[in-house]
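> Okay, handing you the structure first.
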Amino acid sequence: YCADRRLDWWFDHHQSAFLTPADEAHFRADDSGKKFLDTTSKSCAEFIARIAREKFNFEDQSLAELIHWAHIIDGALYKSPAQCVELRSSALKLMQIIEGEKDADFVEKIIRSLTEKSLDEILKSSEIHAKLDPILERHWKTVELIKRKARYSRGVVSFDLVGTGIDGYNKFIPYYFYPETTYTVSLSQSSFRTKISVGSNPWSPRPRTHNIAEICERYGGGGHAVVGAVSLKPEDLELGRKFMREIIEELQFEE
């Protein structure tokens, strides 16, 4: 949230939506009817569509497929780890492009196309395939790298990606190889940050018992009850490793 008069429309579903109590107070006092928060919503796309329908009587059926898949992706409502790691659907392939593409103009072009074409139609584009093929190649290399580096102990899978050149990955890869785990904690480094990623397995046989957002907030990060992250300065690598060890220790089960 941003307590700025230039902020017109605002939707959020994150538990950590407000950086300060003053920001939250500003939101609570707003009477514009254009700012909305629902931390129970699994996705922003579904939330925006619901508000548009219920409060503004607007519904566009041509966006139904897009909203459906955005809801699945944002809410991590996949049927299995294999569905989101093997990337067989058009929506999940496009997700890989949008997450991995550095050219903001190209991402904007995809977003605009999503308002006019189906997901399958967009994926048929030669321009899309020129981007997708190397991304999928990197994805499968990352899958193999995480398979080698990941270690499982007492309900937590952890791995350190520093020095691998990987600063982002499909968050469900650990559950693909360790379906028995409840949590995953990883460390990565890019030119602008050191990042601790913390997640929970939606299919875990042993239920999650921690609120991940609350844990990450103690280290200056945030997120949801089921997933969160902590961002540090890129040079704070050893501090990141220290925080990572502490988070793993807190999440681990006794046996």
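Identifiers for the structure tokens are assigned positionally: chains receive A, B, ... in sequence, residues are indexed from 1 per chain, and ligands are indexed from 1 in the order shown.
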Within 12 Å of segment 56-66 of chain A, counting only C-alpha atoms, which residues qualify if same-chain residues fewer than 2 places away don't, as a count of residues only?
34
> Residues near Val226 of chain A, anyone? I mean within 7 Å using only C-alpha atoms, not counting same-chain ones fewer than 3 positions away, as a list in words.
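Within the cut-off, the hits are Gly199, Ser200, Asn211 and Ile212 of chain A.
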> Keeping C-alpha atoms, export the residues of the selection given above as a PDB file, in the first residue's frame.

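Listing of out_10.pdb after writing:
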ATOM      1  CA  GLY A 199       7.097 -21.932   1.236  1.00  0.00           C
ATOM      2  CA  SER A 200       4.783 -24.723   2.303  1.00  0.00           C
ATOM      3  CA  ASN A 211       2.260 -18.738   9.658  1.00  0.00           C
ATOM      4  CA  ILE A 212       5.069 -18.067   7.193  1.00  0.00           C
TER       5      ILE A 212
END
> I want to know what sits within 12 Å of Glu127 of chain A, based on only C-alpha atoms, with residues of the same chain fewer than 6 positions away left out; could you give that as a PyMOL selection string?
chain A and resi 97+106+109-110+133
> Those residues with N, CA and C atoms, as a short mmCIF file (atom, residue, chain, number, x, y, z; two decimals), in the first residue's frame please?

data_model
loop_
_atom_site.label_atom_id
_atom_site.label_comp_id
_atom_site.auth_asym_id
_atom_site.auth_seq_id
_atom_site.Cartn_x
_atom_site.Cartn_y
_atom_site.Cartn_z
N ILE A 97 7.27 -17.52 -19.09
CA ILE A 97 7.79 -16.39 -19.86
C ILE A 97 7.66 -15.09 -19.07
N PHE A 106 7.96 -6.37 -23.63
CA PHE A 106 7.46 -7.64 -24.16
C PHE A 106 6.41 -8.23 -23.23
N LYS A 109 3.26 -6.51 -23.79
CA LYS A 109 2.65 -6.98 -25.04
C LYS A 109 1.85 -8.26 -24.80
N ILE A 110 2.41 -9.17 -24.00
CA ILE A 110 1.69 -10.41 -23.66
C ILE A 110 0.41 -10.08 -22.89
N ASP A 133 11.28 -21.31 -25.66
CA ASP A 133 12.17 -22.47 -25.78
C ASP A 133 13.40 -22.37 -24.88
#
> Give me, please, the distance in Å between atom CA of Lys242 of chain A and atom CA of Tyr175 of chain A, quoted to one decimal.
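Separating atom CA of Lys242 of chain A from atom CA of Tyr175 of chain A is a distance of 23.9 Å.
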> Give me the residues within 9 Å of Ala213 of chain A as a JSON list (two decimals) with C-alpha atoms, in the first residue's frame, counting only C-alpha atoms and dropping any in the same chain fewer than 3 places off.

[["chain", "number", "residue", "atom", "x", "y", "z"],
["A", 15, "GLN", "CA", -1.43, -10.40, 4.78],
["A", 16, "SER", "CA", 1.57, -8.06, 4.70],
["A", 210, "HIS", "CA", 3.37, -22.05, 11.14],
["A", 216, "CYS", "CA", 9.25, -13.50, 7.44],
["A", 217, "GLU", "CA", 7.98, -10.25, 8.95],
["A", 218, "ARG", "CA", 10.35, -10.71, 11.89],
["A", 221, "GLY", "CA", 9.99, -9.59, 4.86],
["A", 222, "GLY", "CA", 6.40, -10.71, 4.47],
["A", 223, "GLY", "CA", 3.93, -12.72, 2.42],
["A", 224, "HIS", "CA", 1.02, -15.04, 3.15],
["A", 225, "ALA", "CA", 0.43, -17.69, 5.79],
["A", 226, "VAL", "CA", 1.57, -20.32, 3.27],
["A", 227, "VAL", "CA", 4.42, -18.55, 1.46],
["A", 228, "GLY", "CA", 6.73, -15.62, 2.07],
["A", 229, "ALA", "CA", 10.15, -14.12, 1.49]]
> Residues at most 12 Å from Glu238 of chain A, counting only C-alpha atoms, excluding those fewer than 6 positions away in the same chain, as a PyMOL selection string?
chain A and resi 160+162+187-189+194-196+232+244-245
> Please, could you write that set of residues out with C-alpha atoms as a short mmCIF file (atom, residue, chain, number, x, y, z; two decimals), in the first residue's frame?

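Contents of result_5.cif, as written:
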data_model
loop_
_atom_site.label_atom_id
_atom_site.label_comp_id
_atom_site.auth_asym_id
_atom_site.auth_seq_id
_atom_site.Cartn_x
_atom_site.Cartn_y
_atom_site.Cartn_z
CA ASP A 160 21.39 -22.67 -1.42
CA VAL A 162 24.10 -18.67 -4.44
CA LEU A 187 18.61 -18.79 -0.50
CA SER A 188 19.37 -16.99 -3.75
CA GLN A 189 21.34 -13.93 -4.78
CA THR A 194 19.89 -11.61 -1.34
CA LYS A 195 16.59 -13.46 -0.98
CA ILE A 196 15.31 -16.08 1.43
CA LEU A 232 18.27 -8.25 2.00
CA MET A 244 17.95 -19.10 6.69
CA ARG A 245 19.36 -21.42 9.37
#
> Atom CA of Gly220 of chain A and atom CA of Glu246 of chain A are how many Å apart?
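Between these atoms lies a distance of 14.1 Å.
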> Quick one: residues within 12 Å of segment 77-85 of chain A, only C-alpha atoms, excluding same-chain residues fewer than 6 positions away - as JSON, numbers by chain?
{"A": [42, 43, 68, 69, 70, 71, 91, 92, 93, 94, 95, 96, 136, 139, 140, 142, 143, 144, 169, 170, 171, 172, 173, 174, 175, 176, 177, 178, 179, 180, 201, 202, 203, 204]}
> DSSP on the backbone, then: every residue of segment 192-233 of chain A marked strand (DSSP E), written as a list in words.
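Reading the DSSP output for segment 192-233 of chain A, strand (DSSP E) covers Thr194, Lys195, Ile196, Ser197, Val198, Gly199, Ser200, Gly222, Gly223, Val227, Gly228, Ala229, Val230, Ser231 and Leu232 of chain A.
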> Pick from A:Leu161, A:Pro205, A:Ile98, A:Ser41: nearest to Ser190 of chain A, with only C-alpha atoms counted?
A:Leu161
> With only C-alpha atoms as the counted atoms, please give the residues lying no more than 9 Å from Asp12 of chain A, apart from itself and same-chain residues fewer than 4 positions off, as a PyMOL selection string.
chain A and resi 1+17+35-39+41+43-44+47-48
> Measuring between only C-alpha atoms, which one of A:Arg148, A:Arg206, A:Lys124, A:Arg5 shows the shortest distance to Asp30 of chain A?
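With only C-alpha atoms as the atom set, the closest residue is A:Arg5.
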